[in-house]
Amino acid sequence: MSPAKAAAPTLDVERQLALAGARYVAGMDEVGRGALAGPASVGVVVVDAARWLGPEGDVAPSGGLSTAPSAGAPWEGVRDSKALSAARRAAVAPTIPSWAAARGVGHAEPSEIDAVGINAALRLAGLRALAAVHEDGVPVDALILDGSYNWLDVPPVLGQDEDPVVLPPVVRTLVKADAQCVSVAAASIVAKVERDDLMAALDTDYPAYGWAGNKGYGSVGHREALTRYGSTPHHRVSWNLGI
C-alpha cells in the first residue's frame, strides 16, 4: 500500500483498554527482525488516557480517543512505518513527543540474537524500551503488541534473575496493529527511524555492505559483499549468511 493510500490508524483499541481501567496505554512494534546485520529494535509509545478522555469516558474537548482521527489531531500523519517514506518518517517522528506521554526504543545486539534466538532477543529489546519509558516516570497499564505472538512472554534469558521492569498487567496482541492503532504505528516509526540512523552510522565504518541503503537486510549487494569480505561483528553469524 502506498503512503498516499494507507488508511489512517485510530485510537479505538487504546480507548477500549482505557475504558476498561488502563490509564497509560502503550503500543509496541519491532523492526529489524529479518535483517542479516544490525540490532533487532523495539519501539514503544504511551498514550495517557486521562489526557484524551473525559471523566465519563467520553471524548475530551481537546480531541483524542475517537472512532476516527479528526483533521488537525496531534497524531495526524502517523502511519505504519512501512507505509511512509524515509523522509516522511523523519518528519513525523519529532512530533510524537508532543502528544505521547512517553516513548522509548530498545535494541538487542547481533551477539544477543545469536546467543538466545530472535524471539528472546526481541523480548530483551522490548524490556529495554519499557525501561526507558519507566525512567521517564510513566508506568504502562496495558500494552498493544503488533502481531499474533507475545514474544514478551518468553522465559528470561542471558542469566536474568529478574526483569529490569515489570511487564504490563495487560498485553494484547493484534495482527496488523501497526496499521490500526495510533500508538503502535507511532512505535513502529520511532523504532524504524532510530534503527535506520544506527545502520547509517555503521555504514561509515563498513561501506562495502551498503547498510545506509539496505539497513542490514539481505539485498543483492549486501550478500555479494558477504561473499567477498565475510562477516563483521555486526552480523548475525548464527543466521544463514550464505558464506
# chains A, B, ... in the order shown; residues from 1 in each chain; ligands from 1
call {"tool": "residues_around", "arguments": {"residues": "stretch 191-195 of chain A", "least_positions_apart": "5", "cutoff": "9 Å", "atoms": "only C-alpha atoms", "output": "mmCIF file with all heavy atoms, in the first residue's frame"}}
result
data_model
loop_
_atom_site.group_PDB
_atom_site.id
_atom_site.type_symbol
_atom_site.label_atom_id
_atom_site.label_comp_id
_atom_site.auth_asym_id
_atom_site.auth_seq_id
_atom_site.Cartn_x
_atom_site.Cartn_y
_atom_site.Cartn_z
ATOM 1 N N ASP A 29 6.103 -2.119 18.783
ATOM 2 C CA ASP A 29 6.364 -2.770 17.500
ATOM 3 C C ASP A 29 7.863 -2.959 17.337
ATOM 4 O O ASP A 29 8.665 -2.257 17.961
ATOM 5 C CB ASP A 29 5.811 -1.927 16.347
ATOM 6 C CG ASP A 29 5.639 -2.735 15.062
ATOM 7 O OD1 ASP A 29 5.740 -3.971 15.108
ATOM 8 O OD2 ASP A 29 5.398 -2.109 14.008
ATOM 9 N N GLU A 30 8.242 -3.933 16.516
ATOM 10 C CA GLU A 30 9.655 -4.232 16.298
ATOM 11 C C GLU A 30 10.042 -3.962 14.854
ATOM 12 O O GLU A 30 9.207 -4.013 13.938
ATOM 13 C CB GLU A 30 9.961 -5.689 16.665
ATOM 14 C CG GLU A 30 9.100 -6.743 15.976
ATOM 15 C CD GLU A 30 9.526 -7.090 14.568
ATOM 16 O OE1 GLU A 30 10.660 -6.735 14.174
ATOM 17 O OE2 GLU A 30 8.712 -7.691 13.843
ATOM 18 N N VAL A 31 11.327 -3.685 14.674
ATOM 19 C CA VAL A 31 11.902 -3.576 13.337
ATOM 20 C C VAL A 31 13.233 -4.320 13.337
ATOM 21 O O VAL A 31 13.875 -4.469 14.376
ATOM 22 C CB VAL A 31 12.113 -2.106 12.903
ATOM 23 C CG1 VAL A 31 10.786 -1.377 12.816
ATOM 24 C CG2 VAL A 31 13.061 -1.382 13.851
ATOM 25 N N GLY A 32 13.634 -4.792 12.192
ATOM 26 C CA GLY A 32 14.916 -5.466 12.068
ATOM 27 C C GLY A 32 14.902 -6.940 12.367
ATOM 28 O O GLY A 32 15.961 -7.570 12.417
ATOM 29 N N GLY A 38 23.024 -5.847 12.176
ATOM 30 C CA GLY A 38 22.438 -4.795 12.996
ATOM 31 C C GLY A 38 21.503 -5.348 14.047
ATOM 32 O O GLY A 38 21.204 -6.549 14.090
ATOM 33 N N PRO A 39 21.022 -4.473 14.930
ATOM 34 C CA PRO A 39 20.184 -4.918 16.040
ATOM 35 C C PRO A 39 18.758 -5.234 15.615
ATOM 36 O O PRO A 39 18.313 -4.829 14.540
ATOM 37 C CB PRO A 39 20.205 -3.707 16.976
ATOM 38 C CG PRO A 39 20.322 -2.536 16.044
ATOM 39 C CD PRO A 39 21.239 -3.007 14.944
ATOM 40 N N ALA A 40 18.079 -5.972 16.469
ATOM 41 C CA ALA A 40 16.616 -6.030 16.431
ATOM 42 C C ALA A 40 16.143 -4.954 17.391
ATOM 43 O O ALA A 40 16.606 -4.884 18.534
ATOM 44 C CB ALA A 40 16.118 -7.396 16.865
ATOM 45 N N SER A 41 15.260 -4.097 16.941
ATOM 46 C CA SER A 41 14.876 -2.915 17.704
ATOM 47 C C SER A 41 13.380 -2.909 17.977
ATOM 48 O O SER A 41 12.590 -3.319 17.124
ATOM 49 C CB SER A 41 15.283 -1.648 16.949
ATOM 50 O OG SER A 41 16.677 -1.668 16.650
ATOM 51 N N VAL A 42 13.013 -2.431 19.152
ATOM 52 C CA VAL A 42 11.611 -2.390 19.567
ATOM 53 C C VAL A 42 11.284 -0.979 20.040
ATOM 54 O O VAL A 42 12.000 -0.400 20.868
ATOM 55 C CB VAL A 42 11.342 -3.401 20.703
ATOM 56 C CG1 VAL A 42 9.925 -3.219 21.261
ATOM 57 C CG2 VAL A 42 11.514 -4.828 20.180
ATOM 58 N N GLY A 43 10.207 -0.442 19.510
ATOM 59 C CA GLY A 43 9.736 0.873 19.929
ATOM 60 C C GLY A 43 8.472 0.752 20.750
ATOM 61 O O GLY A 43 7.685 -0.182 20.579
ATOM 62 N N VAL A 44 8.290 1.689 21.662
ATOM 63 C CA VAL A 44 7.068 1.756 22.457
ATOM 64 C C VAL A 44 6.650 3.217 22.576
ATOM 65 O O VAL A 44 7.495 4.099 22.750
ATOM 66 C CB VAL A 44 7.258 1.110 23.855
ATOM 67 C CG1 VAL A 44 8.302 1.840 24.680
ATOM 68 C CG2 VAL A 44 5.942 1.030 24.601
ATOM 69 N N SER A 81 5.086 2.491 9.847
ATOM 70 C CA SER A 81 6.330 2.999 9.258
ATOM 71 C C SER A 81 6.568 2.475 7.851
ATOM 72 O O SER A 81 7.173 3.165 7.020
ATOM 73 C CB SER A 81 7.513 2.651 10.160
ATOM 74 O OG SER A 81 7.691 1.252 10.256
ATOM 75 N N LYS A 82 6.091 1.259 7.550
ATOM 76 C CA LYS A 82 6.300 0.679 6.220
ATOM 77 C C LYS A 82 5.501 1.423 5.156
ATOM 78 O O LYS A 82 5.791 1.291 3.964
ATOM 79 C CB LYS A 82 5.917 -0.804 6.224
ATOM 80 C CG LYS A 82 6.777 -1.666 7.145
ATOM 81 C CD LYS A 82 6.441 -3.143 7.033
ATOM 82 C CE LYS A 82 5.043 -3.469 7.558
ATOM 83 N NZ LYS A 82 4.919 -3.224 9.022
ATOM 84 N N ALA A 86 11.104 7.390 3.928
ATOM 85 C CA ALA A 86 12.092 7.738 4.942
ATOM 86 C C ALA A 86 11.982 9.209 5.327
ATOM 87 O O ALA A 86 12.089 9.568 6.510
ATOM 88 C CB ALA A 86 13.492 7.415 4.433
ATOM 89 N N ARG A 89 8.873 9.640 7.542
ATOM 90 C CA ARG A 89 9.123 9.129 8.895
ATOM 91 C C ARG A 89 9.962 10.121 9.691
ATOM 92 O O ARG A 89 9.688 10.389 10.876
ATOM 93 C CB ARG A 89 9.836 7.776 8.837
ATOM 94 C CG ARG A 89 8.973 6.630 8.377
ATOM 95 C CD ARG A 89 9.642 5.287 8.631
ATOM 96 N NE ARG A 89 10.891 5.121 7.904
ATOM 97 C CZ ARG A 89 10.985 4.553 6.713
ATOM 98 N NH1 ARG A 89 9.891 4.096 6.104
ATOM 99 N NH2 ARG A 89 12.158 4.412 6.104
ATOM 100 N N ALA A 90 10.991 10.667 9.050
ATOM 101 C CA ALA A 90 11.863 11.620 9.734
ATOM 102 C C ALA A 90 11.109 12.892 10.123
ATOM 103 O O ALA A 90 11.428 13.525 11.137
ATOM 104 C CB ALA A 90 13.053 11.964 8.845
ATOM 105 N N ALA A 93 8.402 11.663 13.173
ATOM 106 C CA ALA A 93 8.961 11.196 14.449
ATOM 107 C C ALA A 93 9.113 12.302 15.493
ATOM 108 O O ALA A 93 8.753 12.096 16.662
ATOM 109 C CB ALA A 93 10.289 10.491 14.205
ATOM 110 N N GLY A 104 10.022 5.185 23.850
ATOM 111 C CA GLY A 104 11.317 4.572 24.089
ATOM 112 C C GLY A 104 11.627 3.581 23.001
ATOM 113 O O GLY A 104 10.729 3.064 22.325
ATOM 114 N N VAL A 105 12.918 3.324 22.809
ATOM 115 C CA VAL A 105 13.384 2.321 21.858
ATOM 116 C C VAL A 105 14.429 1.468 22.561
ATOM 117 O O VAL A 105 15.317 1.993 23.243
ATOM 118 C CB VAL A 105 13.992 2.958 20.590
ATOM 119 C CG1 VAL A 105 14.464 1.871 19.622
ATOM 120 C CG2 VAL A 105 12.981 3.865 19.900
ATOM 121 N N GLY A 106 14.312 0.164 22.421
ATOM 122 C CA GLY A 106 15.302 -0.766 22.949
ATOM 123 C C GLY A 106 15.896 -1.593 21.821
ATOM 124 O O GLY A 106 15.241 -1.840 20.801
ATOM 125 N N HIS A 107 17.139 -2.015 22.004
ATOM 126 C CA HIS A 107 17.837 -2.778 20.971
ATOM 127 C C HIS A 107 18.402 -4.065 21.549
ATOM 128 O O HIS A 107 18.858 -4.096 22.690
ATOM 129 C CB HIS A 107 18.987 -1.958 20.377
ATOM 130 C CG HIS A 107 18.584 -0.611 19.889
ATOM 131 N ND1 HIS A 107 17.954 -0.417 18.680
ATOM 132 C CD2 HIS A 107 18.704 0.622 20.452
ATOM 133 C CE1 HIS A 107 17.717 0.873 18.508
ATOM 134 N NE2 HIS A 107 18.166 1.530 19.575
ATOM 135 N N ALA A 186 2.956 4.685 15.801
ATOM 136 C CA ALA A 186 3.973 5.623 16.263
ATOM 137 C C ALA A 186 5.202 4.878 16.783
ATOM 138 O O ALA A 186 6.341 5.290 16.541
ATOM 139 C CB ALA A 186 3.401 6.516 17.356
ATOM 140 N N ALA A 200 22.925 3.594 9.331
ATOM 141 C CA ALA A 200 23.633 4.578 8.513
ATOM 142 C C ALA A 200 24.969 4.941 9.154
ATOM 143 O O ALA A 200 25.974 5.140 8.450
ATOM 144 C CB ALA A 200 22.774 5.821 8.327
ATOM 145 N N LYS A 215 19.933 -1.242 5.149
ATOM 146 C CA LYS A 215 19.649 -1.292 6.594
ATOM 147 C C LYS A 215 19.955 -2.662 7.212
ATOM 148 O O LYS A 215 19.362 -3.048 8.209
ATOM 149 C CB LYS A 215 18.184 -0.907 6.864
ATOM 150 C CG LYS A 215 17.795 0.452 6.295
ATOM 151 C CD LYS A 215 18.686 1.568 6.809
ATOM 152 C CE LYS A 215 18.231 2.946 6.378
ATOM 153 N NZ LYS A 215 18.433 3.212 4.945
#
call {"tool": "residues_around", "arguments": {"residues": "A:Asp141", "least_positions_apart": "4", "cutoff": "12 Å", "atoms": "only C-alpha atoms", "output": "MDAnalysis selection string"}}
result
chainID A and resid 14 17:18 20:27 46:49 130 134 166:172
call {"tool": "select_by_dssp", "arguments": {"residues": "stretch 49-205 of chain A", "states": "strand (DSSP E or B)", "output": "list of chain:residue names"}}
result
A:Leu53, A:Val59, A:Ala102, A:Arg103, A:Gly104, A:Val105, A:Gly106, A:His107, A:Ala108, A:Ala142, A:Leu143, A:Ile144, A:Leu145, A:Asp146, A:Val170, A:Val171, A:Arg172, A:Thr173, A:Leu174, A:Cys181
call {"tool": "select_by_dssp", "arguments": {"residues": "stretch 125-220 of chain A", "states": "helix (DSSP H, G or I)", "output": "compact mmCIF listing (two decimals) with all heavy atoms, in the first residue's frame"}}
result
# COMPACT_ATOMS: atom_id res chain seq x y z
N ALA A 125 14.91 -6.50 23.87
CA ALA A 125 14.76 -5.16 23.33
C ALA A 125 13.48 -4.50 23.83
O ALA A 125 13.47 -3.30 24.15
CB ALA A 125 14.75 -5.22 21.80
N GLY A 126 12.39 -5.29 23.91
CA GLY A 126 11.13 -4.74 24.43
C GLY A 126 11.24 -4.30 25.87
O GLY A 126 10.72 -3.24 26.27
N LEU A 127 11.92 -5.11 26.69
CA LEU A 127 12.12 -4.74 28.09
C LEU A 127 12.95 -3.47 28.20
O LEU A 127 12.71 -2.61 29.08
CB LEU A 127 12.79 -5.88 28.85
CG LEU A 127 11.95 -7.14 29.07
CD1 LEU A 127 12.80 -8.24 29.68
CD2 LEU A 127 10.76 -6.84 29.98
N ARG A 128 13.95 -3.33 27.34
CA ARG A 128 14.77 -2.12 27.36
C ARG A 128 13.97 -0.89 26.95
O ARG A 128 14.16 0.20 27.48
CB ARG A 128 15.99 -2.32 26.47
CG ARG A 128 16.98 -3.31 27.06
CD ARG A 128 18.00 -3.84 26.07
NE ARG A 128 18.89 -4.80 26.74
CZ ARG A 128 19.70 -5.63 26.11
NH1 ARG A 128 19.74 -5.64 24.77
NH2 ARG A 128 20.47 -6.47 26.78
N ALA A 129 13.06 -1.07 25.98
CA ALA A 129 12.19 0.05 25.59
C ALA A 129 11.27 0.44 26.75
O ALA A 129 11.08 1.63 27.03
CB ALA A 129 11.38 -0.33 24.36
N LEU A 130 10.70 -0.56 27.42
CA LEU A 130 9.84 -0.27 28.57
C LEU A 130 10.63 0.38 29.70
O LEU A 130 10.13 1.28 30.39
CB LEU A 130 9.19 -1.56 29.07
CG LEU A 130 8.07 -2.12 28.19
CD1 LEU A 130 7.66 -3.51 28.67
CD2 LEU A 130 6.85 -1.19 28.19
N ALA A 131 11.87 -0.05 29.90
CA ALA A 131 12.70 0.55 30.94
C ALA A 131 12.93 2.04 30.65
O ALA A 131 12.94 2.86 31.58
CB ALA A 131 14.03 -0.18 31.06
N ALA A 132 13.12 2.39 29.39
CA ALA A 132 13.31 3.79 29.03
C ALA A 132 12.08 4.61 29.36
O ALA A 132 12.18 5.76 29.84
CB ALA A 132 13.64 3.90 27.54
N VAL A 133 10.89 4.03 29.13
CA VAL A 133 9.64 4.71 29.46
C VAL A 133 9.52 4.88 30.97
O VAL A 133 9.13 5.95 31.47
CB VAL A 133 8.45 3.92 28.88
CG1 VAL A 133 7.15 4.36 29.49
CG2 VAL A 133 8.41 4.08 27.35
N HIS A 134 9.84 3.82 31.72
CA HIS A 134 9.75 3.89 33.18
C HIS A 134 10.72 4.91 33.74
O HIS A 134 10.43 5.56 34.74
CB HIS A 134 10.00 2.51 33.78
CG HIS A 134 8.85 1.58 33.65
ND1 HIS A 134 8.44 0.72 34.65
CD2 HIS A 134 7.97 1.36 32.63
CE1 HIS A 134 7.39 0.03 34.25
NE2 HIS A 134 7.09 0.39 33.03
N GLU A 135 11.88 5.06 33.12
CA GLU A 135 12.84 6.06 33.57
C GLU A 135 12.29 7.48 33.42
O GLU A 135 12.72 8.39 34.13
CB GLU A 135 14.14 5.92 32.79
CG GLU A 135 14.95 4.69 33.20
CD GLU A 135 16.16 4.46 32.30
OE1 GLU A 135 16.41 5.32 31.42
OE2 GLU A 135 16.85 3.45 32.49
N TRP A 151 5.93 -12.22 22.19
CA TRP A 151 7.32 -12.54 22.50
C TRP A 151 7.83 -11.88 23.78
O TRP A 151 8.95 -12.16 24.22
CB TRP A 151 8.25 -12.20 21.32
CG TRP A 151 7.91 -10.98 20.53
CD1 TRP A 151 7.30 -10.95 19.31
CD2 TRP A 151 8.20 -9.62 20.87
NE1 TRP A 151 7.15 -9.65 18.87
CE2 TRP A 151 7.70 -8.82 19.80
CE3 TRP A 151 8.79 -8.99 21.95
CZ2 TRP A 151 7.81 -7.42 19.81
CZ3 TRP A 151 8.90 -7.60 21.97
CH2 TRP A 151 8.41 -6.84 20.90
N LEU A 152 7.02 -11.03 24.39
CA LEU A 152 7.37 -10.54 25.73
C LEU A 152 7.18 -11.63 26.79
O LEU A 152 7.68 -11.49 27.91
CB LEU A 152 6.50 -9.33 26.11
CG LEU A 152 6.81 -8.01 25.41
CD1 LEU A 152 5.76 -6.98 25.78
CD2 LEU A 152 8.21 -7.51 25.78
N ASP A 153 6.49 -12.70 26.43
CA ASP A 153 6.14 -13.75 27.39
C ASP A 153 7.08 -14.94 27.35
O ASP A 153 6.84 -15.94 28.00
CB ASP A 153 4.70 -14.22 27.11
CG ASP A 153 4.10 -15.00 28.28
OD1 ASP A 153 4.43 -14.67 29.43
OD2 ASP A 153 3.32 -15.93 28.03
N ALA A 177 -1.60 -4.47 13.97
CA ALA A 177 -1.84 -3.36 14.90
C ALA A 177 -1.12 -2.10 14.45
O ALA A 177 -1.58 -0.98 14.71
CB ALA A 177 -1.40 -3.74 16.32
N ASP A 178 0.02 -2.27 13.75
CA ASP A 178 0.76 -1.09 13.30
C ASP A 178 -0.01 -0.30 12.25
O ASP A 178 0.27 0.89 12.05
CB ASP A 178 2.15 -1.48 12.78
CG ASP A 178 2.12 -2.61 11.76
OD1 ASP A 178 1.02 -3.07 11.41
OD2 ASP A 178 3.21 -3.03 11.32
N ALA A 179 -0.97 -0.92 11.60
CA ALA A 179 -1.80 -0.21 10.63
C ALA A 179 -3.10 0.29 11.24
O ALA A 179 -3.76 1.16 10.68
CB ALA A 179 -2.12 -1.12 9.44
N GLN A 180 -3.47 -0.27 12.42
CA GLN A 180 -4.77 0.06 13.01
C GLN A 180 -4.70 1.01 14.20
O GLN A 180 -5.64 1.79 14.41
CB GLN A 180 -5.45 -1.23 13.49
CG GLN A 180 -5.71 -2.26 12.41
CD GLN A 180 -6.33 -3.51 12.98
OE1 GLN A 180 -7.36 -3.47 13.64
NE2 GLN A 180 -5.69 -4.66 12.76
N VAL A 182 -2.94 3.95 16.60
CA VAL A 182 -2.04 5.10 16.57
C VAL A 182 -0.78 4.84 17.37
O VAL A 182 0.34 5.13 16.92
CB VAL A 182 -2.76 6.36 17.08
CG1 VAL A 182 -1.77 7.50 17.30
CG2 VAL A 182 -3.85 6.80 16.10
N SER A 183 -0.93 4.28 18.58
CA SER A 183 0.24 4.10 19.44
C SER A 183 1.23 3.11 18.84
O SER A 183 2.45 3.31 18.93
CB SER A 183 -0.19 3.63 20.84
OG SER A 183 -0.80 2.35 20.79
N VAL A 184 0.73 2.05 18.21
CA VAL A 184 1.62 1.04 17.62
C VAL A 184 2.27 1.60 16.35
O VAL A 184 3.47 1.37 16.11
CB VAL A 184 0.85 -0.26 17.32
CG1 VAL A 184 1.79 -1.32 16.76
CG2 VAL A 184 0.17 -0.78 18.57
N ALA A 185 1.51 2.32 15.54
CA ALA A 185 2.09 2.94 14.35
C ALA A 185 3.20 3.90 14.74
O ALA A 185 4.27 3.93 14.12
CB ALA A 185 1.01 3.66 13.55
N ALA A 186 2.96 4.69 15.80
CA ALA A 186 3.97 5.62 16.26
C ALA A 186 5.20 4.88 16.78
O ALA A 186 6.34 5.29 16.54
CB ALA A 186 3.40 6.52 17.36
N ALA A 187 4.98 3.76 17.47
CA ALA A 187 6.10 2.95 17.96
C ALA A 187 6.92 2.41 16.80
O ALA A 187 8.16 2.34 16.87
CB ALA A 187 5.58 1.80 18.83
N SER A 188 6.25 2.01 15.73
CA SER A 188 6.98 1.50 14.57
C SER A 188 7.84 2.59 13.94
O SER A 188 8.94 2.33 13.45
CB SER A 188 6.01 0.92 13.53
OG SER A 188 5.31 1.92 12.81
N ILE A 189 7.35 3.83 13.99
CA ILE A 189 8.10 4.95 13.41
C ILE A 189 9.35 5.24 14.24
O ILE A 189 10.45 5.36 13.70
CB ILE A 189 7.22 6.20 13.31
CG1 ILE A 189 6.14 6.01 12.24
CG2 ILE A 189 8.06 7.43 12.98
CD1 ILE A 189 5.08 7.10 12.21
N VAL A 190 9.20 5.36 15.57
CA VAL A 190 10.36 5.72 16.39
C VAL A 190 11.42 4.63 16.33
O VAL A 190 12.63 4.91 16.31
CB VAL A 190 9.96 6.06 17.84
CG1 VAL A 190 9.02 7.25 17.88
CG2 VAL A 190 9.33 4.88 18.55
N ALA A 191 10.98 3.36 16.29
CA ALA A 191 11.94 2.26 16.21
C ALA A 191 12.65 2.26 14.85
O ALA A 191 13.87 2.08 14.77
CB ALA A 191 11.25 0.93 16.45
N LYS A 192 11.89 2.45 13.80
CA LYS A 192 12.45 2.43 12.45
C LYS A 192 13.44 3.57 12.25
O LYS A 192 14.55 3.37 11.71
CB LYS A 192 11.33 2.51 11.42
CG LYS A 192 11.76 2.59 9.96
CD LYS A 192 12.43 1.33 9.48
CE LYS A 192 12.67 1.40 7.97
NZ LYS A 192 13.58 0.32 7.52
N VAL A 193 13.08 4.77 12.67
CA VAL A 193 13.96 5.93 12.49
C VAL A 193 15.26 5.74 13.27
O VAL A 193 16.36 5.99 12.74
CB VAL A 193 13.25 7.22 12.91
CG1 VAL A 193 14.22 8.39 12.99
CG2 VAL A 193 12.12 7.56 11.92
N GLU A 194 15.15 5.29 14.52
CA GLU A 194 16.37 5.12 15.32
C GLU A 194 17.25 4.01 14.76
O GLU A 194 18.48 4.16 14.68
CB GLU A 194 16.00 4.83 16.78
CG GLU A 194 17.22 4.78 17.69
CD GLU A 194 16.88 4.94 19.16
OE1 GLU A 194 16.01 5.76 19.49
OE2 GLU A 194 17.50 4.23 19.98
N ARG A 195 16.65 2.87 14.37
CA ARG A 195 17.47 1.79 13.83
C ARG A 195 18.11 2.18 12.50
O ARG A 195 19.27 1.87 12.25
CB ARG A 195 16.64 0.52 13.67
CG ARG A 195 17.50 -0.68 13.26
CD ARG A 195 16.68 -1.95 13.04
NE ARG A 195 17.56 -3.07 12.74
CZ ARG A 195 18.09 -3.31 11.54
NH1 ARG A 195 17.77 -2.52 10.51
NH2 ARG A 195 18.89 -4.35 11.36
N ASP A 196 17.35 2.87 11.64
CA ASP A 196 17.92 3.29 10.36
C ASP A 196 19.11 4.22 10.59
O ASP A 196 20.11 4.15 9.87
CB ASP A 196 16.86 4.00 9.52
CG ASP A 196 15.89 3.04 8.85
OD1 ASP A 196 16.03 1.81 9.06
OD2 ASP A 196 14.99 3.51 8.14
N ASP A 197 19.00 5.11 11.57
CA ASP A 197 20.12 6.01 11.87
C ASP A 197 21.33 5.22 12.36
O ASP A 197 22.48 5.55 12.00
CB ASP A 197 19.71 7.04 12.92
CG ASP A 197 18.76 8.11 12.37
OD1 ASP A 197 18.62 8.20 11.14
OD2 ASP A 197 18.16 8.83 13.17
N LEU A 198 21.09 4.19 13.17
CA LEU A 198 22.19 3.36 13.64
C LEU A 198 22.89 2.65 12.47
O LEU A 198 24.12 2.59 12.41
CB LEU A 198 21.68 2.32 14.63
CG LEU A 198 21.28 2.81 16.02
CD1 LEU A 198 20.63 1.67 16.81
CD2 LEU A 198 22.51 3.34 16.77
N MET A 199 22.09 2.13 11.55
CA MET A 199 22.67 1.42 10.41
C MET A 199 23.43 2.38 9.48
O MET A 199 24.47 2.02 8.92
CB MET A 199 21.59 0.67 9.64
CG MET A 199 20.91 -0.44 10.43
SD MET A 199 22.05 -1.61 11.22
CE MET A 199 22.85 -2.35 9.81
N ALA A 200 22.92 3.59 9.33
CA ALA A 200 23.63 4.58 8.51
C ALA A 200 24.97 4.94 9.15
O ALA A 200 25.97 5.14 8.45
CB ALA A 200 22.77 5.82 8.33
N ALA A 201 25.00 5.03 10.50
CA ALA A 201 26.25 5.32 11.19
C ALA A 201 27.24 4.16 11.02
O ALA A 201 28.44 4.38 10.80
CB ALA A 201 25.99 5.60 12.66
N LEU A 202 26.76 2.93 11.11
CA LEU A 202 27.64 1.76 10.93
C LEU A 202 28.16 1.68 9.50
O LEU A 202 29.26 1.17 9.26
CB LEU A 202 26.88 0.48 11.29
CG LEU A 202 26.57 0.25 12.77
CD1 LEU A 202 25.69 -1.00 12.94
CD2 LEU A 202 27.86 0.11 13.58
N ASP A 203 27.39 2.19 8.56
CA ASP A 203 27.80 2.15 7.16
C ASP A 203 29.09 2.92 6.93
O ASP A 203 29.87 2.58 6.03
CB ASP A 203 26.68 2.73 6.29
CG ASP A 203 27.00 2.68 4.81
OD1 ASP A 203 26.90 1.59 4.23
OD2 ASP A 203 27.38 3.72 4.23
N PRO A 207 31.46 0.43 4.65
CA PRO A 207 30.71 0.90 3.46
C PRO A 207 30.46 -0.18 2.41
O PRO A 207 29.54 -0.04 1.61
CB PRO A 207 31.61 2.02 2.91
CG PRO A 207 32.99 1.69 3.43
CD PRO A 207 32.76 1.09 4.78
N ALA A 208 31.26 -1.23 2.40
CA ALA A 208 31.12 -2.24 1.35
C ALA A 208 29.78 -2.96 1.40
O ALA A 208 29.31 -3.49 0.39
CB ALA A 208 32.25 -3.27 1.45
N TYR A 209 29.13 -2.97 2.59
CA TYR A 209 27.91 -3.75 2.76
C TYR A 209 26.63 -2.97 2.44
O TYR A 209 25.55 -3.54 2.42
CB TYR A 209 27.85 -4.30 4.19
CG TYR A 209 29.01 -5.21 4.51
CD1 TYR A 209 30.20 -4.70 5.01
CD2 TYR A 209 28.93 -6.59 4.28
CE1 TYR A 209 31.29 -5.53 5.28
CE2 TYR A 209 30.01 -7.43 4.55
CZ TYR A 209 31.18 -6.88 5.04
OH TYR A 209 32.25 -7.70 5.31
N TRP A 211 24.90 -0.66 4.11
CA TRP A 211 23.89 -0.61 5.17
C TRP A 211 23.09 0.69 5.20
O TRP A 211 21.97 0.71 5.69
CB TRP A 211 24.55 -0.85 6.54
CG TRP A 211 25.05 -2.24 6.71
CD1 TRP A 211 24.64 -3.36 6.02
CD2 TRP A 211 26.07 -2.69 7.61
NE1 TRP A 211 25.33 -4.46 6.45
CE2 TRP A 211 26.21 -4.09 7.42
CE3 TRP A 211 26.86 -2.06 8.57
CZ2 TRP A 211 27.12 -4.86 8.14
CZ3 TRP A 211 27.77 -2.81 9.29
CH2 TRP A 211 27.90 -4.20 9.08
N ALA A 212 23.66 1.78 4.69
CA ALA A 212 22.89 3.03 4.64
C ALA A 212 21.66 2.87 3.78
O ALA A 212 20.63 3.51 4.03
CB ALA A 212 23.77 4.16 4.11
N GLY A 213 21.76 1.99 2.77
CA GLY A 213 20.62 1.75 1.90
C GLY A 213 19.79 0.55 2.28
O GLY A 213 18.57 0.64 2.39
N ASN A 214 20.47 -0.60 2.54
CA ASN A 214 19.69 -1.83 2.79
C ASN A 214 19.36 -2.06 4.25
O ASN A 214 18.62 -2.98 4.59
CB ASN A 214 20.43 -3.05 2.21
CG ASN A 214 21.79 -3.28 2.86
OD1 ASN A 214 21.93 -3.31 4.07
ND2 ASN A 214 22.82 -3.47 2.02
N VAL A 220 20.92 -7.82 -2.65
CA VAL A 220 21.91 -8.46 -3.52
C VAL A 220 23.31 -7.93 -3.22
O VAL A 220 24.28 -8.69 -3.07
CB VAL A 220 21.55 -8.24 -5.01
CG1 VAL A 220 22.69 -8.74 -5.91
CG2 VAL A 220 20.25 -8.96 -5.36
call {"tool": "residues_around", "arguments": {"residues": "stretch 231-239 of chain A", "least_positions_apart": "4", "cutoff": "10 Å", "atoms": "only C-alpha atoms", "output": "PyMOL selection string"}}
result
chain A and resi 34-39+109-115+117+199+202+206+209+216+225-227+243
call {"tool": "write_last_selection", "arguments": {"atoms": "C-alpha atoms", "output": "PDB file, in the first residue's frame"}}
result
ATOM      1  CA  GLY A  34      14.682 -10.338   9.459  1.00  0.00           C
ATOM      2  CA  ALA A  35      17.896  -8.393   8.894  1.00  0.00           C
ATOM      3  CA  LEU A  36      21.250 -10.121   8.496  1.00  0.00           C
ATOM      4  CA  ALA A  37      23.131  -7.363  10.317  1.00  0.00           C
ATOM      5  CA  GLY A  38      22.438  -4.795  12.996  1.00  0.00           C
ATOM      6  CA  PRO A  39      20.184  -4.918  16.040  1.00  0.00           C
ATOM      7  CA  GLU A 109      22.571  -6.663  19.542  1.00  0.00           C
ATOM      8  CA  PRO A 110      23.551  -9.297  16.950  1.00  0.00           C
ATOM      9  CA  SER A 111      25.587 -11.224  19.541  1.00  0.00           C
ATOM     10  CA  GLU A 112      22.492 -11.434  21.752  1.00  0.00           C
ATOM     11  CA  ILE A 113      20.376 -12.609  18.840  1.00  0.00           C
ATOM     12  CA  ASP A 114      22.985 -15.302  18.129  1.00  0.00           C
ATOM     13  CA  ALA A 115      23.034 -16.332  21.800  1.00  0.00           C
ATOM     14  CA  GLY A 117      17.390 -16.520  19.227  1.00  0.00           C
ATOM     15  CA  MET A 199      22.673   1.419  10.412  1.00  0.00           C
ATOM     16  CA  LEU A 202      27.638   1.765  10.934  1.00  0.00           C
ATOM     17  CA  TYR A 206      31.668  -0.797   6.749  1.00  0.00           C
ATOM     18  CA  TYR A 209      27.908  -3.754   2.765  1.00  0.00           C
ATOM     19  CA  GLY A 216      21.262  -4.688   7.132  1.00  0.00           C
ATOM     20  CA  ALA A 225      29.813  -8.172  -0.011  1.00  0.00           C
ATOM     21  CA  LEU A 226      29.408 -11.041   2.458  1.00  0.00           C
ATOM     22  CA  THR A 227      30.707 -13.475  -0.158  1.00  0.00           C
ATOM     23  CA  ILE A 243      29.219 -17.678   3.328  1.00  0.00           C
TER      24      ILE A 243
END
